[in-house]
Amino acid sequence: MPFLEIENLTKRFGETTVLRGIDFSMERGEVAAVIGSSGGGKSTFLRCLNFLEKPEAGKIRIGGKELYDADKQYTDAQIREMRLGFGLVFQSFNLFPQYTALENISMPLFLRERERLRQQGTFKALKKQRQQGTFKALKKQAQQICREKAAELLESVGLSDKAGNYPCELSGGQCQRVAIARALALSPAVLCFDEPTSALDPELTGEVLKVIKSLKSADRTMLIVTHEMAFARDVADKVVFMANGVIEEQGTSDEIFENPQSPLLRAFLKKADNDLRGD
Amino acid sequence: MSFWAITGELLQGFAYTAVIFFATLAAALPLGLVVSFGSMSRFTPLRALTRGIVWVIRGTPLMLQIIVCALGPGLWLGLPIRTTAQQLLMVCIAFTINYACYFSEIYRGGIQSVPYGQSEAGQVLGMTKSEIFFKVTLLQFVKRIIAPMSNEIITLVKDTALASVVVSVDLFTVAKQIVNKQVVLWPIFYAGLFYLIFNGVVTILLGRAEKKLSYFKV
């Protein structure tokens with residue numbers, strides 16, 4: 001059974017249908033690269049998976065369990081819970097400028113930990129704990145654990161020396177690496193990247209792609225929307241070509257790049273190749 | 001009247017001016033936020049009502065609003081405003097409503113200028129709406145509004161002189177009374193010095209706040 005299953009995902013903006021019944025699946029630990037021309041629905045697809053857009057129709061299942069069904073009504077709290085199944089790295093990083101690199105990672109982590117602590121005890125028990133000062137101690141301990149985890153994550157993206165720096169003191173590539181560490185912090189089932197290198201200078205692109213490549217492991221499922229064809233070919237187990245709101249073609253990188261079937265994909269790859277050569 | 005006697009009287013007037021200033025600021029800062037939420041509401045009737053109120057308040061003279069607040073209860077509710085404390089209260093209410101409307105527009109601009117991506121980043125990290133507001137948006141928005149808010153707060157210091165329409169205890173009215181009684185002009189310029197120094201202190205404090213938030217860029 002596939003780890004991630006998406007069925008008939010449909011999204012409209014007014015009269016325009018951006019996603020036309022997407023059916024898609026991924027195995028656990030698989031890396032899928034989504035390619036295609038701008039306006040093909042790639043980013044909207046990721047945004048729907050992260051519930052930043054509400055799909056008009058469709059179902060999402062993770063690990064065989066139904067996570068989302070567009071026909072059902074969900075509360076804000078349920079949507080928030082569902083979002084934690086997916087992590088998203090934005091094109092423009094969206095780091096919080098008032099926090100250091102470390103705090104950008106530890107703050108959201110601590111908020112979730114605090115929520116968990118609150119949910120564990122009844123109000124009365126918490127009040128009692130507060131009186132004894134243990135709640136404060138628990139909070140402090142949780143804060144410390146979150147900071148330690150954030151430091152580990154920063155180290156994993158090669159930025160432990162930048163922990164105390166604010167985003168305005170980091171390069172674009174470093175900001176994106178912090179954003180990747182932040183998305184990893186909440187251990188999402190599927191990590192999504194929305195054109196992670198599009199806002200970067202060519203010389204900074206490499207360092208980000210290297211980090212993404214290093215994240216590939218048996219239990220990390222990743223969905224990457226990218227314009228970096230060489231990267232998609234190198235890293236992805238599966239390449240998905242989207243055009244006009246549908247998955248036009250999908251397959252292994254060899255199938256997609258060496259033997260494209262759809263005329264649209266052939267035209268897209270030819271154009272990408274010409275752009276690369278500067279023709 | 002000696003210089004020191006006039007200084008003493010002006011200081012008494014200044015105390016009332018300071019009361020109007022701080023009371024207005026303390027009430028209008030949070031009220032402005034409520035009004036800005038109303039004017040950004042997705043609920044059309046509430047949005048239209050709030051924007052209508054802001055339009056009326058910003059479109060009419062503050063002096064007129066003070067007069068309405070001071071005379072309105074007596075004229076329409078049969079509750080005449082007589083004591084100085086009551087008059088001061090009504091003046092503060094008029095100032096609060098007026099400034100809350102101006103502040104609300106600055107807040108609205110500040111909130112809307114925080115990139116939407118910041119809120120989306122908070123959402124994908126599982127934050128609640130209030131966590132996003134307090135942990136992500138608030139400080140960025142405060143940093144953006146400090147400069148325009150400084151302008152309004154400095155204007156408020158000077159606008160307190162309009163209280164003289166209703167009350168006769170504020171700094172400007174006291175200065176005018178001394179001028180009339182003593183037939184000398186300098187106390188009015190002396191009172192101006194009080195406003196200037198007060199504004200100087202306010203400017204320094206707001207400048208410090210701006211500097212404190214300069215550690216990050218938005």
# chains A, B, ... in the order shown; residues from 1 in each chain; ligands from 1
>>> interface_residues(of="chain B", to="chain A", cutoff="10 Å", atoms="only C-alpha atoms", output="list in words")
Pro115, Tyr116, Gly117, Gln118, Ser119, Glu120, Ala121, Gly122, Gln123, Val124, Leu125, Gly126, Met127, Thr128, Lys129, Glu131, Ile132, Lys135, Val136, Thr137, Leu139, Gln140, Lys143, Leu213, Ser214, Tyr215, Phe216, Lys217 and Val218 of chain B
>>> select_by_dssp(residues="segment 144-225 of chain A", states="alpha helix (DSSP H)", output="ChimeraX atom specification")
/A:144-156,172-185,202-214
>>> atom_distance(atom1="atom CA of Lys211 of chain B", atom2="atom CA of Ile145 of chain B")
13.3 Å
>>> residues_around(residues="Pro2 of chain A", least_positions_apart="2", cutoff="8 Å", atoms="only C-alpha atoms", output="PyMOL selection string")
chain A and resi 4-5+25-28+63-64
>>> write_last_selection(atoms="N, CA and C atoms", output="JSON list (two decimals), in the first residue's frame")
[["chain", "number", "residue", "atom", "x", "y", "z"],
["A", 4, "LEU", "N", 1.73, 7.65, 0.76],
["A", 4, "LEU", "CA", 0.89, 8.84, 0.54],
["A", 4, "LEU", "C", 0.00, 8.58, -0.67],
["A", 5, "GLU", "N", -1.29, 8.75, -0.48],
["A", 5, "GLU", "CA", -2.23, 8.56, -1.60],
["A", 5, "GLU", "C", -3.10, 9.81, -1.74],
["A", 25, "SER", "N", 0.43, 8.95, -5.92],
["A", 25, "SER", "CA", 0.82, 8.18, -4.74],
["A", 25, "SER", "C", 2.34, 8.10, -4.63],
["A", 26, "MET", "N", 2.79, 7.88, -3.40],
["A", 26, "MET", "CA", 4.23, 7.78, -3.12],
["A", 26, "MET", "C", 4.48, 6.72, -2.07],
["A", 27, "GLU", "N", 5.61, 6.06, -2.18],
["A", 27, "GLU", "CA", 5.99, 5.10, -1.15],
["A", 27, "GLU", "C", 6.77, 5.82, -0.06],
["A", 28, "ARG", "N", 6.82, 5.20, 1.12],
["A", 28, "ARG", "CA", 7.60, 5.80, 2.22],
["A", 28, "ARG", "C", 9.09, 5.87, 1.80],
["A", 63, "GLY", "N", -0.20, 6.63, 5.11],
["A", 63, "GLY", "CA", -0.04, 5.34, 5.79],
["A", 63, "GLY", "C", -1.33, 4.54, 5.81],
["A", 64, "GLY", "N", -2.14, 4.67, 4.77],
["A", 64, "GLY", "CA", -3.39, 3.91, 4.67],
["A", 64, "GLY", "C", -4.56, 4.55, 5.41]]
>>> atom_distance(atom1="atom CA of Pro45 of chain B", atom2="atom CA of Leu31 of chain B")
19.2 Å
>>> atom_distance(atom1="atom CA of Phe45 of chain A", atom2="atom CA of Asp237 of chain A")
18.9 Å
>>> residues_around(residues="Ile212 of chain A", least_positions_apart="6", cutoff="10 Å", atoms="only C-alpha atoms", output="VMD selection string")
chain A and resid 157 177 180 193 196 206 222 224 231 235
>>> residues_around(residues="Gly109 of chain B", least_positions_apart="6", cutoff="10 Å", atoms="only C-alpha atoms", output="ChimeraX atom specification")
/B:36,103,141,144-145
>>> write_last_selection(atoms="N, CA and C atoms", output="compact mmCIF listing (two decimals), in the first residue's frame")
# COMPACT_ATOMS: atom_id res chain seq x y z
N SER B 36 -9.15 48.41 14.20
CA SER B 36 -8.48 47.95 12.97
C SER B 36 -8.94 46.54 12.61
N PHE B 103 -5.17 55.68 14.98
CA PHE B 103 -4.27 54.56 15.25
C PHE B 103 -4.71 53.33 14.45
N PHE B 141 5.00 44.01 12.99
CA PHE B 141 4.05 45.09 12.74
C PHE B 141 4.36 46.30 13.63
N ARG B 144 7.13 48.22 12.10
CA ARG B 144 6.69 48.99 10.93
C ARG B 144 5.90 50.25 11.30
N ILE B 145 5.22 50.20 12.46
CA ILE B 145 4.32 51.34 12.76
C ILE B 145 4.94 52.37 13.70
>>> residues_around(residues="Asn151 of chain B", least_positions_apart="4", cutoff="12 Å", atoms="only C-alpha atoms", output="PyMOL selection string")
chain B and resi 99+102-103+106+145-147+155-158+199+202-203+206-207
>>> write_last_selection(atoms="C-alpha atoms", output="PDB file, in the first residue's frame")
ATOM      1  CA  TYR B  99      -7.063  58.806  18.263  1.00  0.00           C
ATOM      2  CA  TYR B 102      -6.290  57.318  13.540  1.00  0.00           C
ATOM      3  CA  PHE B 103      -4.268  54.561  15.250  1.00  0.00           C
ATOM      4  CA  ILE B 106      -1.890  52.903  11.073  1.00  0.00           C
ATOM      5  CA  ILE B 145       4.323  51.337  12.755  1.00  0.00           C
ATOM      6  CA  ILE B 146       6.664  53.025  15.229  1.00  0.00           C
ATOM      7  CA  ALA B 147       7.511  55.928  12.872  1.00  0.00           C
ATOM      8  CA  THR B 155       0.346  65.461  17.584  1.00  0.00           C
ATOM      9  CA  LEU B 156      -1.610  64.201  20.602  1.00  0.00           C
ATOM     10  CA  VAL B 157       0.691  66.095  22.977  1.00  0.00           C
ATOM     11  CA  LYS B 158      -0.187  69.333  21.154  1.00  0.00           C
ATOM     12  CA  ASN B 199       7.474  66.246  23.032  1.00  0.00           C
ATOM     13  CA  VAL B 202       8.320  61.488  23.894  1.00  0.00           C
ATOM     14  CA  THR B 203      10.536  61.665  20.780  1.00  0.00           C
ATOM     15  CA  LEU B 206      10.031  56.476  20.762  1.00  0.00           C
ATOM     16  CA  GLY B 207      13.476  56.779  19.169  1.00  0.00           C
TER      17      GLY B 207
END
